[in-house]
file final_1.txt (compact mmCIF, C-alpha atoms and all ligand atoms)
# COMPACT_ATOMS: atom_id res chain seq x y z
CA ALA R 10 -0.29 -30.39 17.25
CA LYS R 11 -1.27 -30.52 13.61
CA GLN R 12 -4.65 -30.35 11.98
CA GLN R 13 -5.95 -30.33 8.47
CA GLY R 14 -7.37 -26.90 7.56
CA LYS R 15 -10.55 -26.48 5.53
CA ALA R 16 -8.84 -26.01 2.22
CA GLY R 17 -6.13 -28.57 2.63
CA PHE R 18 -3.73 -26.21 4.36
CA VAL R 19 -2.01 -27.97 7.18
CA ARG R 20 -2.30 -25.71 10.19
CA TYR R 21 0.18 -26.08 12.98
CA VAL R 22 -0.77 -25.00 16.46
CA ASP R 23 2.23 -23.43 18.13
CA GLY R 24 3.02 -23.20 21.81
CA MET R 25 0.85 -20.11 22.25
CA GLY R 26 -2.13 -21.95 20.84
CA GLU R 27 -2.11 -19.77 17.71
CA PRO R 28 -2.72 -21.67 14.50
CA VAL R 29 -0.19 -20.74 11.83
CA LEU R 30 -0.03 -21.75 8.21
CA ALA R 31 2.68 -24.23 7.32
CA HIS R 32 4.95 -21.99 5.31
CA MET R 33 6.58 -24.67 3.18
CA GLN R 34 3.19 -25.80 1.98
CA LEU R 35 1.96 -22.23 1.55
CA GLY R 36 4.98 -21.57 -0.68
CA GLY R 37 3.89 -24.42 -2.95
CA GLU R 38 0.32 -23.15 -2.96
CA LEU R 39 1.48 -19.66 -3.94
CA ARG R 40 3.52 -21.04 -6.83
CA ARG R 41 0.45 -22.92 -8.05
CA ALA R 42 -1.75 -19.85 -7.55
CA LEU R 43 0.62 -17.73 -9.66
CA ASP R 44 0.54 -20.30 -12.46
CA ASN R 45 -3.25 -20.48 -12.08
CA ASP R 46 -3.74 -16.71 -12.23
CA GLU R 47 -5.53 -16.54 -8.86
CA PHE R 48 -4.26 -13.10 -7.77
CA ARG R 49 -6.34 -9.99 -8.30
CA VAL R 50 -5.67 -6.33 -7.61
CA VAL R 51 -8.15 -4.08 -5.81
CA TYR R 52 -7.75 -0.34 -5.43
CA GLN R 53 -8.39 1.87 -2.43
CA PRO R 54 -9.09 5.53 -3.22
CA ILE R 55 -6.85 8.26 -1.82
CA VAL R 56 -9.17 11.16 -1.24
CA ARG R 57 -9.06 14.91 -0.63
CA LEU R 58 -10.26 15.49 2.94
CA ASP R 59 -12.14 18.59 1.83
CA GLY R 60 -14.83 17.64 -0.68
CA ARG R 61 -13.82 13.95 -0.82
CA ARG R 62 -12.52 14.01 -4.39
CA VAL R 63 -10.55 10.89 -5.38
CA ILE R 64 -7.04 11.94 -6.42
CA GLY R 65 -5.26 8.60 -6.40
CA VAL R 66 -5.46 4.91 -5.60
CA GLU R 67 -3.38 2.34 -3.77
CA ALA R 68 -3.25 -1.12 -5.33
CA LEU R 69 -3.74 -4.01 -2.87
CA VAL R 70 -3.41 -7.64 -3.85
CA ARG R 71 -6.00 -10.34 -3.12
CA TRP R 72 -5.79 -14.11 -3.55
CA HIS R 73 -8.93 -15.69 -4.98
CA HIS R 74 -8.33 -19.16 -3.60
CA PRO R 75 -10.43 -21.90 -5.27
CA THR R 76 -11.79 -23.18 -1.95
CA ARG R 77 -10.82 -20.71 0.78
CA GLY R 78 -12.35 -17.72 -1.00
CA VAL R 79 -10.69 -14.32 -0.96
CA VAL R 80 -7.50 -14.34 1.09
CA GLY R 81 -5.95 -11.04 2.26
CA PRO R 82 -2.28 -10.16 1.81
CA GLY R 83 -1.55 -10.38 5.53
CA GLU R 84 -1.92 -14.14 5.18
CA PHE R 85 0.46 -14.71 2.28
CA ILE R 86 2.80 -11.75 1.70
CA PRO R 87 5.20 -12.89 4.49
CA ALA R 88 5.44 -16.36 2.91
CA ALA R 89 5.80 -14.83 -0.57
CA GLU R 90 8.69 -12.74 0.77
CA ARG R 91 10.38 -15.71 2.43
CA THR R 92 10.13 -17.89 -0.67
CA GLY R 93 11.08 -15.13 -3.10
CA LEU R 94 7.72 -15.49 -4.88
CA ILE R 95 7.07 -11.85 -4.01
CA VAL R 96 9.27 -11.01 -7.02
CA PRO R 97 6.95 -12.53 -9.67
CA LEU R 98 3.85 -11.60 -7.60
CA GLY R 99 5.05 -8.01 -7.25
CA ARG R 100 5.74 -7.85 -10.97
CA LEU R 101 2.17 -8.97 -11.63
CA VAL R 102 0.76 -6.24 -9.35
CA LEU R 103 3.04 -3.65 -10.96
CA ARG R 104 2.05 -4.62 -14.49
CA GLU R 105 -1.67 -4.74 -13.71
CA THR R 106 -1.66 -1.44 -11.81
CA CYS R 107 0.24 0.43 -14.52
CA ARG R 108 -1.96 -1.00 -17.26
CA GLN R 109 -5.09 -0.05 -15.33
CA ALA R 110 -3.86 3.42 -14.38
CA ALA R 111 -2.95 4.14 -18.01
CA ALA R 112 -6.46 3.04 -19.04
CA TRP R 113 -8.04 5.40 -16.46
CA LEU R 114 -5.84 8.20 -17.70
CA ALA R 115 -6.90 7.56 -21.31
CA GLU R 116 -10.59 7.34 -20.39
CA PHE R 117 -10.92 10.15 -17.85
CA GLY R 118 -8.09 12.53 -18.74
CA PRO R 119 -5.04 13.85 -16.89
CA ASP R 120 -6.96 15.61 -14.10
CA ALA R 121 -9.07 12.63 -13.03
CA LEU R 122 -6.45 10.55 -11.27
CA LYS R 123 -3.15 12.07 -10.27
CA GLU R 124 -1.39 8.87 -9.25
CA ALA R 125 -1.52 5.15 -8.67
CA GLY R 126 0.51 3.57 -5.89
CA LEU R 127 1.54 0.06 -5.01
CA ASN R 128 3.49 -1.66 -2.27
CA VAL R 129 7.03 -2.86 -2.83
CA SER R 130 8.80 -5.32 -0.52
CA ALA R 131 12.46 -5.17 0.49
CA ARG R 132 13.03 -8.40 -1.38
CA GLN R 133 11.93 -6.75 -4.64
CA LEU R 134 14.21 -3.77 -4.06
CA HIS R 135 17.07 -6.25 -3.63
CA ASP R 136 16.34 -7.83 -6.99
CA PRO R 137 18.99 -6.43 -9.34
CA ASP R 138 16.41 -6.39 -12.19
CA PHE R 139 13.79 -4.38 -10.29
CA VAL R 140 14.58 -0.92 -11.66
CA ASP R 141 14.75 -2.21 -15.24
CA ASP R 142 11.49 -4.11 -14.74
CA VAL R 143 9.71 -0.98 -13.54
CA SER R 144 11.09 1.00 -16.43
CA ALA R 145 9.99 -1.65 -18.94
CA VAL R 146 6.49 -1.93 -17.45
CA LEU R 147 6.03 1.84 -17.55
CA ALA R 148 7.13 1.96 -21.19
CA GLU R 149 4.87 -0.95 -22.13
CA SER R 150 1.82 0.50 -20.34
CA GLY R 151 2.36 4.08 -21.46
CA LEU R 152 1.85 5.34 -17.91
CA PRO R 153 3.96 8.47 -17.31
CA CYS R 154 6.60 7.92 -14.58
CA GLU R 155 5.31 10.74 -12.40
CA ARG R 156 1.91 9.03 -12.10
CA LEU R 157 3.43 6.01 -10.37
CA VAL R 158 3.98 5.89 -6.61
CA LEU R 159 6.00 3.08 -5.06
CA GLU R 160 5.27 2.61 -1.35
CA VAL R 161 8.09 1.25 0.79
CA THR R 162 8.38 0.77 4.53
CA GLU R 163 11.19 2.04 6.69
CA SER R 164 12.46 -1.46 7.40
CA ALA R 165 12.72 -2.08 3.66
CA VAL R 166 14.61 1.14 3.08
CA LEU R 167 17.13 0.43 5.81
CA ARG R 168 18.58 -2.51 3.93
CA GLY R 169 21.84 -1.09 2.63
CA GLN R 170 23.56 -0.07 -0.58
CA GLN R 171 21.67 -2.08 -3.20
CA VAL R 172 18.28 -0.88 -1.97
CA SER R 173 19.49 2.68 -1.67
CA ARG R 174 20.85 2.64 -5.24
CA ALA R 175 17.54 1.26 -6.51
CA LEU R 176 15.55 3.97 -4.69
CA TYR R 177 17.71 6.78 -6.09
CA ALA R 178 17.48 5.30 -9.59
CA LEU R 179 13.66 5.15 -9.35
CA ASP R 180 13.56 8.71 -8.03
CA SER R 181 15.74 9.97 -10.86
CA MET R 182 13.33 8.34 -13.35
CA GLY R 183 10.63 10.61 -11.93
CA ILE R 184 8.77 7.91 -10.00
CA ARG R 185 7.46 9.12 -6.65
CA LEU R 186 8.41 7.18 -3.54
CA ALA R 187 6.19 7.05 -0.48
CA LEU R 188 7.31 6.07 3.01
CA ASP R 189 4.55 3.72 4.17
CA ASP R 190 3.42 3.25 7.79
CA PHE R 191 5.39 6.37 8.66
CA GLY R 192 6.22 6.87 12.32
CA THR R 193 6.19 3.20 13.29
CA GLY R 194 9.89 2.57 12.68
CA GLU R 195 12.81 3.42 14.87
CA SER R 196 14.51 5.99 12.72
CA SER R 197 11.79 7.72 10.74
CA LEU R 198 13.39 11.12 11.03
CA SER R 199 16.95 10.33 10.02
CA LEU R 200 15.56 8.23 7.19
CA LEU R 201 13.99 11.25 5.53
CA ARG R 202 17.47 12.72 5.05
CA ALA R 203 18.86 9.59 3.45
CA PHE R 204 15.96 8.66 1.22
CA PRO R 205 14.43 10.44 -1.79
CA ALA R 206 10.82 10.33 -0.52
CA ALA R 207 8.08 12.42 -2.13
CA ILE R 208 5.25 11.33 0.17
CA VAL R 209 4.89 10.20 3.78
CA LYS R 210 1.93 8.07 4.77
CA LEU R 211 1.02 8.66 8.41
CA ASP R 212 0.46 5.24 9.94
CA LYS R 213 -3.03 4.26 11.06
CA SER R 214 -1.83 3.83 14.65
CA PHE R 215 -1.52 7.64 14.93
CA VAL R 216 -4.95 8.20 13.38
CA ASP R 217 -6.70 5.75 15.73
CA GLY R 218 -8.06 7.77 18.63
CA ILE R 219 -6.80 11.10 17.27
CA GLU R 220 -10.33 12.53 17.60
CA ILE R 221 -10.66 11.72 21.29
CA ASP R 222 -10.53 14.78 23.52
CA ASP R 223 -11.46 13.16 26.78
CA GLY R 224 -11.48 9.64 28.20
CA GLN R 225 -7.83 8.92 27.55
CA PRO R 226 -6.46 12.37 26.94
CA ALA R 227 -2.79 11.50 27.38
CA ALA R 228 -2.80 8.75 24.77
CA ALA R 229 -4.80 10.82 22.29
CA ASP R 230 -2.50 13.78 22.83
CA ALA R 231 0.56 11.63 22.09
CA ARG R 232 -0.94 10.51 18.79
CA LYS R 233 -1.89 14.06 17.92
CA ALA R 234 1.63 15.22 18.75
CA VAL R 235 3.12 12.65 16.36
CA ALA R 236 0.61 13.52 13.64
CA ARG R 237 1.44 17.20 14.10
CA ALA R 238 5.21 16.60 14.07
CA VAL R 239 4.93 14.50 10.89
CA ILE R 240 3.02 17.15 8.95
CA GLN R 241 5.35 19.93 10.11
CA LEU R 242 8.34 17.87 9.03
CA ALA R 243 6.70 17.03 5.70
CA HIS R 244 5.97 20.69 5.02
CA ALA R 245 9.53 21.68 5.93
CA LEU R 246 10.92 19.07 3.55
CA GLY R 247 8.38 19.71 0.78
CA LEU R 248 6.78 16.27 1.00
CA ASP R 249 3.14 15.35 0.47
CA THR R 250 1.27 13.53 3.23
CA VAL R 251 -1.49 10.93 3.28
CA ALA R 252 -3.18 9.97 6.57
CA GLU R 253 -4.00 6.25 6.60
CA GLY R 254 -6.74 4.18 8.19
CA ILE R 255 -9.36 6.92 8.64
CA GLU R 256 -12.52 5.34 10.04
CA SER R 257 -14.69 8.28 11.12
CA PRO R 258 -15.72 11.84 10.25
CA GLU R 259 -14.28 12.95 13.61
CA GLN R 260 -10.86 11.70 12.53
CA VAL R 261 -11.20 13.60 9.26
CA ALA R 262 -11.94 16.77 11.24
CA ALA R 263 -9.02 16.27 13.62
CA LEU R 264 -6.60 15.59 10.74
CA ARG R 265 -7.82 18.60 8.75
CA GLU R 266 -7.29 20.77 11.78
CA LEU R 267 -3.66 19.60 11.87
CA GLY R 268 -3.27 20.50 8.19
CA TYR R 269 -3.67 17.12 6.48
CA THR R 270 -5.29 17.41 3.05
CA LEU R 271 -5.22 13.80 1.79
CA GLY R 272 -6.44 10.62 3.42
CA GLN R 273 -7.25 6.98 2.98
CA GLY R 274 -9.50 4.75 5.06
CA PHE R 275 -12.72 2.77 5.29
CA HIS R 276 -14.69 5.89 6.22
CA LEU R 277 -13.64 7.55 2.95
CA ALA R 278 -13.66 4.51 0.66
CA GLU R 279 -12.85 0.81 0.95
CA PRO R 280 -10.64 -1.12 -1.45
CA MET R 281 -12.69 -1.92 -4.58
CA SER R 282 -12.50 -3.39 -8.06
CA ALA R 283 -11.15 -1.46 -11.04
CA ASP R 284 -14.70 -1.23 -12.43
CA GLU R 285 -15.93 0.41 -9.24
CA ILE R 286 -13.08 2.91 -9.40
CA SER R 287 -14.08 3.65 -13.01
CA ARG R 288 -17.62 4.40 -11.85
CA LEU R 289 -16.31 6.74 -9.13
CA LEU R 290 -14.14 8.58 -11.65
CA ALA R 291 -17.04 8.83 -14.12
CA ALA R 292 -19.31 10.27 -11.41
CA GLN R 293 -16.61 12.75 -10.41
CA GLN R 294 -16.19 13.92 -13.97
CA ASP R 295 -19.87 14.84 -14.17
CA GLN R 296 -19.62 17.10 -11.12
P1 LIG A 1 -0.65 -1.18 3.78
O1 LIG A 1 0.25 -0.93 2.63
O2 LIG A 1 -0.45 -0.35 4.99
O3 LIG A 1 -2.12 -1.03 3.18
C1 LIG A 1 -3.21 -0.53 3.90
C2 LIG A 1 -4.02 -1.65 4.53
O4 LIG A 1 -4.95 -1.09 5.44
C3 LIG A 1 -4.85 -2.45 3.54
O5 LIG A 1 -4.99 -3.77 4.05
C4 LIG A 1 -6.19 -1.74 3.61
O6 LIG A 1 -7.28 -2.54 3.18
C5 LIG A 1 -6.26 -1.44 5.07
N1 LIG A 1 -7.11 -0.30 5.39
C6 LIG A 1 -7.41 0.77 4.63
N2 LIG A 1 -8.21 1.63 5.29
C7 LIG A 1 -8.43 1.08 6.51
C8 LIG A 1 -9.21 1.48 7.65
O7 LIG A 1 -9.84 2.52 7.68
N3 LIG A 1 -9.20 0.65 8.73
C9 LIG A 1 -8.49 -0.54 8.72
N4 LIG A 1 -8.56 -1.30 9.80
N5 LIG A 1 -7.75 -0.93 7.66
C10 LIG A 1 -7.73 -0.14 6.58
P2 LIG A 1 -4.70 -5.06 3.17
O8 LIG A 1 -5.22 -4.89 1.77
O9 LIG A 1 -5.15 -6.25 3.96
O10 LIG A 1 -3.11 -5.07 3.07
C11 LIG A 1 -2.32 -5.30 4.21
C12 LIG A 1 -0.87 -5.08 3.89
O11 LIG A 1 -0.39 -6.06 2.96
C13 LIG A 1 -0.57 -3.74 3.24
O12 LIG A 1 -0.55 -2.73 4.23
C14 LIG A 1 0.77 -4.02 2.61
O13 LIG A 1 1.80 -3.91 3.56
C15 LIG A 1 0.63 -5.47 2.20
N6 LIG A 1 0.29 -5.56 0.76
C16 LIG A 1 -0.90 -5.47 0.15
N7 LIG A 1 -0.79 -5.60 -1.19
C17 LIG A 1 0.54 -5.78 -1.43
C18 LIG A 1 1.32 -5.97 -2.63
O14 LIG A 1 0.82 -5.98 -3.78
N8 LIG A 1 2.67 -6.13 -2.46
C19 LIG A 1 3.27 -6.11 -1.22
N9 LIG A 1 4.60 -6.25 -1.16
N10 LIG A 1 2.57 -5.92 -0.10
C20 LIG A 1 1.22 -5.75 -0.19
CA CA A 2 0.87 0.80 1.49
CA CA A 3 0.37 1.72 5.26
CA CA A 4 0.66 -1.48 7.17
call {"tool": "encode", "arguments": {"input": "final_1.txt", "output": "structure tokens"}}
result
Amino acid sequence: AKQQGKAGFVRYVDGMGEPVLAHMQLGGELRRALDNDEFRVVYQPIVRLDGRRVIGVEALVRWHHPTRGVVGPGEFIPAAERTGLIVPLGRLVLRETCRQAAAWLAEFGPDALKEAGLNVSARQLHDPDFVDDVSAVLAESGLPCERLVLEVTESAVLRGQQVSRALYALDSMGIRLALDDFGTGESSLSLLRAFPAAIVKLDKSFVDGIEIDDGQPAAADARKAVARAVIQLAHALGLDTVAEGIESPEQVAALRELGYTLGQGFHLAEPMSADEISRLLAAQQDQ
């Protein structure tokens, strides 16, 4: 079955009854959107769990579609990866984030914001120009290498020689690499030996329900056990940790008890515009 979506997207209804975007058409739309400058970057604070000071941000891309409104990355990153458009889109996010982070550094000083992170797809790491691009963007923006965090997922890292070479080259430049969604892959532990990570981001799925002490004790205990194992491992290897997807003060308490010091999540701060981040940093400076 086929139906015309609101904004001219043809939606196909598959056998499960789930409407999915027609990827060929979405690819064309993305190309047009890139030419039309419809992508924007928002920033989610990374916060100290004690005292709630903002120490970093993660850049997240949004598509300001002329008729559909703001479209989240879950709806177009897969198509951007399939079509290869993630390469120019990723470059745009990289350039904007570095420019913005350098501006925050200039305005608020070296202690205001320790780092700015962004997501990198496997496809970008495969691009033979990626390392040179990053190097050029850093030079152009004036952002010091050690202020940049590149977040990669386990599945992206496990893609062979070319990716591995790129990751080691980035690490040797002083850029910090974060393993995103940590714990959800099949070989998280062995990966830490083979990959120059500086940070592990504990996946939201281990934070969900971590505060529950009764009701479903077994499930909560399993999550807590993973969260505990991850921080012990991180400490042993000298890695920083960030707990993701924190939605309640009870989760903050449970994570602090396990030794987590940094977190990210709607309870702490939602993704916001660069101007809103500036206001947060200004308010922090006055404290
Ligand atoms: P991610 O890298 O794991 O980013 C965190 C996602 O979780 C973001 O969703 C963020 O808005 C959301 N989030 C943060 N705190 C909470 C919370 O407390 N509860 C819940 N339910 N969600 C929370 P978003 O912005 O929709 O991004 C989804 C994914 O899209 C990202 O997951 C990342 O994998 C990808 N993505 C976003 N921007 C980019 C980009 O510029 N390049 C690439 N390659 N991927 C991107
Ligand atoms: Ca991420
Ligand atoms: Ca994540
Ligand atoms: Ca994720």
call {"tool": "residues_around", "arguments": {"input": "final_1.txt", "residues": "stretch 125-140 of chain R", "least_positions_apart": "4", "cutoff": "6 Å", "atoms": "all atoms listed in the file", "output": "list in words"}}
result
Gly65, Val66, Glu67, Ala68, Val96, Leu157, Val158, Leu159, Glu160, Val161, Ala165 and Val172 of chain R
call {"tool": "residues_around", "arguments": {"input": "final_1.txt", "residues": "R:Ala88", "least_positions_apart": "3", "cutoff": "9 Å", "atoms": "only C-alpha atoms", "output": "number ranges by chain"}}
result
R: 32-33, 35-36, 39, 84-85, 91-95
call {"tool": "residues_around", "arguments": {"input": "final_1.txt", "residues": "stretch 192-204 of chain R", "least_positions_apart": "2", "cutoff": "9 Å", "atoms": "only C-alpha atoms", "output": "list of chain:residue names"}}
result
R:Thr162, R:Glu163, R:Ser164, R:Val166, R:Leu167, R:Ser173, R:Leu176, R:Tyr177, R:Leu188, R:Asp189, R:Asp190, R:Ala206, R:Lys210, R:Leu211, R:Asp212, R:Ser214, R:Phe215, R:Val235, R:Ala236, R:Val239, R:Leu242, R:Leu246
call {"tool": "closest_residue", "arguments": {"input": "final_1.txt", "among": "R:Ile86, R:Met182, R:Ala112, R:Ile55", "to": "R:Glu124", "atoms": "all atoms listed in the file"}}
result
R:Ile55
call {"tool": "residues_near_point", "arguments": {"input": "final_1.txt", "point": "(-3.5, 9.8, 19.2)", "cutoff": "8 Å", "atoms": "all atoms listed in the file", "output": "list of chain:residue names"}}
result
R:Ser214, R:Phe215, R:Val216, R:Asp217, R:Gly218, R:Ile219, R:Glu220, R:Ile221, R:Ala228, R:Ala229, R:Asp230, R:Ala231, R:Arg232, R:Lys233, R:Ala234, R:Val235, R:Ala236
call {"tool": "atom_distance", "arguments": {"input": "final_1.txt", "atom1": "atom CA of R:Met281", "atom2": "atom CA of R:Leu248"}}
result
27.2 Å
call {"tool": "atom_distance", "arguments": {"input": "final_1.txt", "atom1": "atom CA of R:Asp120", "atom2": "atom CA of R:Gly60"}}
result
15.7 Å
call {"tool": "atom_distance", "arguments": {"input": "final_1.txt", "atom1": "atom C14 of ligand LIG 1 (chain A)", "atom2": "atom CA of R:Val70"}}
result
8.5 Å
call {"tool": "closest_residue", "arguments": {"input": "final_1.txt", "among": "R:Arg77, R:Arg265, R:Arg100, R:Lys213", "to": "ligand CA 4 (chain A)", "atoms": "only C-alpha atoms and all ligand atoms"}}
result
R:Lys213
call {"tool": "residues_around", "arguments": {"input": "final_1.txt", "residues": "R:Ala148", "least_positions_apart": "4", "cutoff": "12 Å", "atoms": "all atoms listed in the file", "output": "PyMOL selection string"}}
result
chain R and resi 104+107-108+111+141-144+152-154+182
call {"tool": "closest_residue", "arguments": {"input": "final_1.txt", "among": "R:Arg288, R:Arg156, R:Arg71, R:Arg57", "to": "ligand LIG 1 (chain A)", "atoms": "all atoms listed in the file"}}
result
R:Arg71
call {"tool": "residues_near_point", "arguments": {"input": "final_1.txt", "point": "(-14.3, 16.2, -16.7)", "cutoff": "8 Å", "atoms": "only C-alpha atoms", "output": "list in words"}}
result
Phe117, Gly118, Asp120, Ala121, Gln293, Gln294, Asp295 and Gln296 of chain R
call {"tool": "closest_residue", "arguments": {"input": "final_1.txt", "among": "R:Asp180, R:Glu253, R:Asp222, R:Glu90", "to": "ligand CA 4 (chain A)", "atoms": "only C-alpha atoms and all ligand atoms"}}
result
R:Glu253
call {"tool": "build_atoms", "arguments": {"input": "final_1.txt", "residues": "stretch 284-293 of chain R", "atoms": "all heavy atoms", "output": "compact mmCIF listing (two decimals), in the coordinates of the input"}}
result
# COMPACT_ATOMS: atom_id res chain seq x y z
N ASP R 284 -13.43 -1.72 -11.86
CA ASP R 284 -14.70 -1.23 -12.43
C ASP R 284 -15.38 -0.23 -11.50
O ASP R 284 -15.95 0.76 -11.94
CB ASP R 284 -15.67 -2.39 -12.69
CG ASP R 284 -15.28 -3.19 -13.92
OD1 ASP R 284 -14.40 -2.71 -14.68
OD2 ASP R 284 -15.84 -4.27 -14.13
N GLU R 285 -15.33 -0.52 -10.20
CA GLU R 285 -15.93 0.41 -9.24
C GLU R 285 -15.18 1.74 -9.20
O GLU R 285 -15.79 2.80 -9.07
CB GLU R 285 -15.98 -0.24 -7.84
CG GLU R 285 -16.99 -1.37 -7.76
CD GLU R 285 -16.88 -2.16 -6.46
OE1 GLU R 285 -15.87 -2.86 -6.25
OE2 GLU R 285 -17.81 -2.05 -5.65
N ILE R 286 -13.86 1.67 -9.32
CA ILE R 286 -13.08 2.91 -9.40
C ILE R 286 -13.49 3.69 -10.66
O ILE R 286 -13.68 4.92 -10.60
CB ILE R 286 -11.56 2.63 -9.43
CG1 ILE R 286 -11.09 2.00 -8.12
CG2 ILE R 286 -10.77 3.91 -9.74
CD1 ILE R 286 -10.98 2.93 -6.93
N SER R 287 -13.66 2.99 -11.76
CA SER R 287 -14.08 3.65 -13.01
C SER R 287 -15.40 4.40 -12.81
O SER R 287 -15.56 5.53 -13.27
CB SER R 287 -14.25 2.64 -14.14
OG SER R 287 -13.02 2.02 -14.44
N ARG R 288 -16.33 3.76 -12.10
CA ARG R 288 -17.62 4.40 -11.85
C ARG R 288 -17.46 5.66 -10.99
O ARG R 288 -18.10 6.68 -11.24
CB ARG R 288 -18.60 3.42 -11.20
CG ARG R 288 -19.22 2.47 -12.21
CD ARG R 288 -20.43 1.74 -11.65
NE ARG R 288 -20.07 0.65 -10.74
CZ ARG R 288 -19.71 -0.57 -11.16
NH1 ARG R 288 -19.67 -0.85 -12.44
NH2 ARG R 288 -19.40 -1.50 -10.28
N LEU R 289 -16.58 5.57 -9.98
CA LEU R 289 -16.31 6.74 -9.13
C LEU R 289 -15.74 7.89 -9.97
O LEU R 289 -16.14 9.05 -9.84
CB LEU R 289 -15.29 6.40 -8.05
CG LEU R 289 -15.77 5.84 -6.72
CD1 LEU R 289 -14.59 5.69 -5.77
CD2 LEU R 289 -16.81 6.79 -6.11
N LEU R 290 -14.78 7.56 -10.84
CA LEU R 290 -14.14 8.58 -11.65
C LEU R 290 -15.13 9.19 -12.64
O LEU R 290 -15.12 10.39 -12.89
CB LEU R 290 -12.92 8.01 -12.39
CG LEU R 290 -11.76 7.55 -11.49
CD1 LEU R 290 -10.64 6.94 -12.32
CD2 LEU R 290 -11.21 8.71 -10.65
N ALA R 291 -16.02 8.34 -13.18
CA ALA R 291 -17.04 8.83 -14.12
C ALA R 291 -17.98 9.79 -13.39
O ALA R 291 -18.31 10.87 -13.92
CB ALA R 291 -17.81 7.66 -14.72
N ALA R 292 -18.40 9.43 -12.19
CA ALA R 292 -19.31 10.27 -11.41
C ALA R 292 -18.64 11.60 -11.07
O ALA R 292 -19.28 12.66 -11.11
CB ALA R 292 -19.74 9.55 -10.14
N GLN R 293 -17.36 11.54 -10.76
CA GLN R 293 -16.61 12.75 -10.41
C GLN R 293 -16.50 13.70 -11.58
O GLN R 293 -16.51 14.92 -11.43
CB GLN R 293 -15.20 12.34 -9.99
CG GLN R 293 -14.86 12.72 -8.59
CD GLN R 293 -13.52 12.16 -8.13
OE1 GLN R 293 -13.44 11.65 -7.05
NE2 GLN R 293 -12.48 12.28 -8.92
